[in-house]
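Comments concern the structure below.
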Amino acid sequence: MIKRLDAETLAQLYEREMKQTFPRRELKPLKAMLRMQAEGKYDVLGYYSEEGTLLAYACVCTAAVPVLLDYLAVVAAHRGEGLGSAFLSALMADKTFYPAIMLEIEAVDDAIDESDHKMRARRQHFYERLGFARTTTEAHVFGEHYWVLDNQQTSDAHSVAEAMAEIYHYMVPEQEAFDKNVRIWN
(Lines give C-alpha, C1' and ligand atoms only; values in the text may rest on other atoms or scores of the structure.)
Protein backbone atom coordinates (compact mmCIF):
# COMPACT_ATOMS: atom_id res chain seq x y z
CA MET A 1 0.00 0.00 0.00
CA ILE A 2 1.26 3.47 -0.93
CA LYS A 3 0.54 6.42 1.38
CA ARG A 4 1.53 10.07 1.33
CA LEU A 5 3.65 10.95 4.34
CA ASP A 6 3.35 14.14 6.39
CA ALA A 7 6.10 16.57 7.37
CA GLU A 8 6.67 14.99 10.78
CA THR A 9 7.14 11.56 9.22
CA LEU A 10 9.49 13.04 6.59
CA ALA A 11 11.64 14.56 9.35
CA GLN A 12 11.83 11.22 11.18
CA LEU A 13 12.58 9.36 7.96
CA TYR A 14 15.29 11.87 7.09
CA GLU A 15 17.06 11.35 10.41
CA ARG A 16 16.57 7.57 10.70
CA GLU A 17 17.03 6.45 7.10
CA MET A 18 17.95 9.06 4.53
CA LYS A 19 21.10 10.36 6.24
CA GLN A 20 22.48 6.81 6.33
CA THR A 21 21.29 5.80 2.85
CA PHE A 22 22.26 8.72 0.61
CA PRO A 23 25.69 10.32 0.20
CA ARG A 24 25.80 13.68 1.98
CA ARG A 25 26.53 15.55 -1.25
CA GLU A 26 23.37 14.10 -2.83
CA LEU A 27 20.98 14.64 0.07
CA LYS A 28 19.02 17.85 0.07
CA PRO A 29 18.71 19.72 3.35
CA LEU A 30 15.61 18.69 5.28
CA LYS A 31 14.57 22.35 5.43
CA ALA A 32 14.39 22.51 1.61
CA MET A 33 12.38 19.30 1.41
CA LEU A 34 9.94 20.52 4.06
CA ARG A 35 9.53 23.85 2.23
CA MET A 36 8.70 22.13 -1.05
CA GLN A 37 6.34 19.69 0.68
CA ALA A 38 4.54 22.57 2.45
CA GLU A 39 4.14 24.32 -0.91
CA GLY A 40 2.50 21.20 -2.33
CA LYS A 41 5.20 20.44 -4.90
CA TYR A 42 7.10 17.65 -3.16
CA ASP A 43 5.44 14.36 -2.33
CA VAL A 44 6.89 11.95 0.17
CA LEU A 45 5.43 8.49 -0.29
CA GLY A 46 5.68 5.39 1.86
CA TYR A 47 5.28 1.81 0.70
CA TYR A 48 3.76 -0.23 3.52
CA SER A 49 3.19 -3.90 4.27
CA GLU A 50 -0.33 -5.13 5.02
CA GLU A 51 0.64 -5.00 8.70
CA GLY A 52 1.51 -1.30 8.44
CA THR A 53 5.31 -1.57 8.41
CA LEU A 54 7.14 1.01 6.29
CA LEU A 55 9.14 -0.94 3.69
CA ALA A 56 10.29 1.73 1.24
CA TYR A 57 9.90 5.41 0.49
CA ALA A 58 10.15 7.89 -2.34
CA CYS A 59 10.40 11.65 -2.66
CA VAL A 60 8.93 13.17 -5.82
CA CYS A 61 9.16 16.76 -7.03
CA THR A 62 5.89 17.60 -8.77
CA ALA A 63 6.79 21.11 -9.97
CA ALA A 64 6.60 19.96 -13.63
CA VAL A 65 5.48 17.04 -15.80
CA PRO A 66 7.04 14.59 -16.00
CA VAL A 67 7.62 14.65 -12.25
CA LEU A 68 11.11 13.98 -10.86
CA LEU A 69 11.65 10.91 -8.71
CA ASP A 70 14.15 12.58 -6.41
CA TYR A 71 14.81 9.71 -3.98
CA LEU A 72 13.82 6.05 -3.87
CA ALA A 73 15.01 3.68 -1.17
CA VAL A 74 14.07 0.59 0.75
CA VAL A 75 14.40 0.89 4.52
CA ALA A 76 17.59 -0.72 5.78
CA ALA A 77 15.87 -3.67 7.47
CA HIS A 78 14.19 -4.79 4.22
CA ARG A 79 16.82 -4.32 1.52
CA GLY A 80 17.42 -7.16 -0.91
CA GLU A 81 13.80 -8.37 -0.85
CA GLY A 82 12.73 -6.90 -4.21
CA LEU A 83 10.71 -4.16 -2.54
CA GLY A 84 12.24 -1.28 -4.50
CA SER A 85 11.06 -2.87 -7.74
CA ALA A 86 7.65 -3.67 -6.28
CA PHE A 87 7.19 -0.14 -4.96
CA LEU A 88 8.22 1.62 -8.16
CA SER A 89 6.15 -0.77 -10.28
CA ALA A 90 3.08 -0.11 -8.12
CA LEU A 91 3.68 3.64 -8.29
CA MET A 92 3.97 3.57 -12.09
CA ALA A 93 0.93 1.31 -12.48
CA ASP A 94 -1.32 3.70 -10.55
CA LYS A 95 -1.52 6.65 -12.97
CA THR A 96 -3.51 8.63 -10.39
CA PHE A 97 -0.17 9.34 -8.74
CA TYR A 98 1.89 10.44 -11.74
CA PRO A 99 1.24 9.87 -15.45
CA ALA A 100 4.93 10.33 -16.31
CA ILE A 101 8.06 10.04 -14.17
CA MET A 102 11.66 10.96 -14.84
CA LEU A 103 14.70 10.38 -12.67
CA GLU A 104 18.43 10.99 -12.61
CA ILE A 105 21.24 8.51 -12.27
CA GLU A 106 24.94 9.28 -11.96
CA ALA A 107 26.47 9.13 -15.44
CA VAL A 108 27.89 5.62 -15.79
CA ASP A 109 30.74 6.83 -18.00
CA ASP A 110 31.99 9.13 -15.21
CA ALA A 111 32.63 6.36 -12.70
CA ILE A 112 35.84 6.84 -10.74
CA ASP A 113 36.78 3.14 -10.67
CA GLU A 114 35.52 -0.32 -11.60
CA SER A 115 33.48 -0.72 -8.42
CA ASP A 116 31.77 2.66 -8.95
CA HIS A 117 31.12 1.76 -12.60
CA LYS A 118 29.44 -1.52 -11.61
CA MET A 119 27.23 0.24 -9.06
CA ARG A 120 26.17 2.94 -11.53
CA ALA A 121 25.51 0.39 -14.29
CA ARG A 122 23.52 -1.79 -11.86
CA ARG A 123 21.39 1.23 -10.94
CA GLN A 124 20.78 2.01 -14.63
CA HIS A 125 19.76 -1.59 -15.35
CA PHE A 126 17.43 -1.60 -12.33
CA TYR A 127 15.45 1.31 -13.77
CA GLU A 128 15.58 -0.03 -17.34
CA ARG A 129 14.10 -3.35 -16.18
CA LEU A 130 11.17 -1.37 -14.78
CA GLY A 131 10.49 0.42 -18.06
CA PHE A 132 12.63 3.55 -17.85
CA ALA A 133 14.79 4.59 -20.79
CA ARG A 134 17.70 6.97 -21.01
CA THR A 135 16.78 10.25 -22.66
CA THR A 136 19.11 12.63 -24.46
CA THR A 137 18.82 15.05 -21.53
CA GLU A 138 21.70 15.29 -19.08
CA ALA A 139 22.33 17.50 -16.08
CA HIS A 140 25.25 18.73 -14.06
CA VAL A 141 23.93 19.52 -10.58
CA PHE A 142 26.05 20.60 -7.62
CA GLY A 143 29.13 18.91 -9.03
CA GLU A 144 27.59 15.63 -10.19
CA HIS A 145 26.89 14.64 -13.80
CA TYR A 146 23.53 12.88 -14.27
CA TRP A 147 21.78 11.06 -17.07
CA VAL A 148 18.00 11.54 -17.16
CA LEU A 149 15.72 8.55 -17.65
CA ASP A 150 11.95 8.55 -18.05
CA ASN A 151 9.13 6.04 -18.22
CA GLN A 152 7.17 7.68 -20.99
CA GLN A 153 9.77 6.85 -23.67
CA THR A 154 8.92 9.92 -25.63
CA SER A 155 10.94 11.24 -28.52
CA ASP A 156 10.32 14.76 -27.25
CA ALA A 157 13.66 15.46 -25.59
CA HIS A 158 12.75 19.12 -25.40
CA SER A 159 9.90 18.44 -22.94
CA VAL A 160 12.17 16.39 -20.66
CA ALA A 161 14.83 19.11 -20.64
CA GLU A 162 12.17 21.79 -20.06
CA ALA A 163 10.66 19.83 -17.16
CA MET A 164 14.11 19.32 -15.63
CA ALA A 165 14.86 23.04 -15.91
CA GLU A 166 11.49 23.94 -14.40
CA ILE A 167 11.97 21.53 -11.51
CA TYR A 168 15.50 22.71 -10.76
CA HIS A 169 14.48 26.35 -10.95
CA TYR A 170 11.88 25.49 -8.34
CA MET A 171 14.24 23.43 -6.14
CA VAL A 172 17.05 26.00 -6.41
CA PRO A 173 15.05 29.26 -6.40
CA GLU A 174 17.99 31.66 -6.01
CA GLN A 175 19.08 32.54 -9.56
CA GLU A 176 22.75 32.96 -8.64
CA ALA A 177 22.86 29.53 -6.97
CA PHE A 178 21.05 27.99 -9.94
CA ASP A 179 23.45 29.57 -12.47
CA LYS A 180 26.47 28.41 -10.48
CA ASN A 181 25.33 24.84 -9.72
CA VAL A 182 22.82 23.64 -12.32
CA ARG A 183 23.26 22.97 -16.03
CA ILE A 184 20.79 20.97 -18.14
CA TRP A 185 21.26 20.05 -21.80
CA ASN A 186 20.20 17.67 -24.57
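To be explicit about the labels: the chains of the C-alpha coordinates are called A, B, and onward in the order shown, and within each one the residues are counted from 1, while ligands get numbers from 1 in the order they are shown.
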
- Item | range 56-69 of chain A surroundings by only C-alpha atoms, 9 Å radius, close-in-sequence under 3 positions cut, as a PyMOL selection string | chain A and resi 2+13+33+36-37+40-48+72-76+78-79+83-84+87-88+98-104+150+152+159-160+162-164+166-168+170-171

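From CA of Ser89 in chain A back to CA of Thr137 in chain A, the distance works out to 23.2 Å.
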
- Item | Using only C-alpha atoms: which of A:Val141, A:Ala111, A:Ala77, A:Ala32 has the shortest distance to Phe178 in chain A | A:Val141

- Task: Could you pull out the residues in range 49-125 of chain A that DSSP calls strand (DSSP E) from the backbone, as a list in words?
- Result: Leu54, Leu55, Ala56, Tyr57, Ala58, Cys59, Val60, Cys61, Val67, Leu68, Leu69, Asp70, Tyr71, Leu72, Ala73, Val74, Ile101, Met102, Leu103, Glu104, Ile105 and Glu106 of chain A

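Shortest atom-to-atom contact with His125 in chain A among A:Ser85, A:Ile112, A:Pro23, A:His145: A:Ser85, counting only C-alpha atoms.
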
- Message: For a quick check of understanding, using only C-alpha atoms, which of A:Leu54, A:Ala107, A:Leu34, A:Ala121 has the smallest distance to Asp6 in chain A?
- Response: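 With only C-alpha atoms as the atom set, the closest residue is A:Leu34.
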
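Restricting the calculation to only C-alpha atoms, the smallest distance between Ala90 in chain A and any of A:Ile184, A:Ala38, A:Leu130, A:Met119 is found for A:Leu130.
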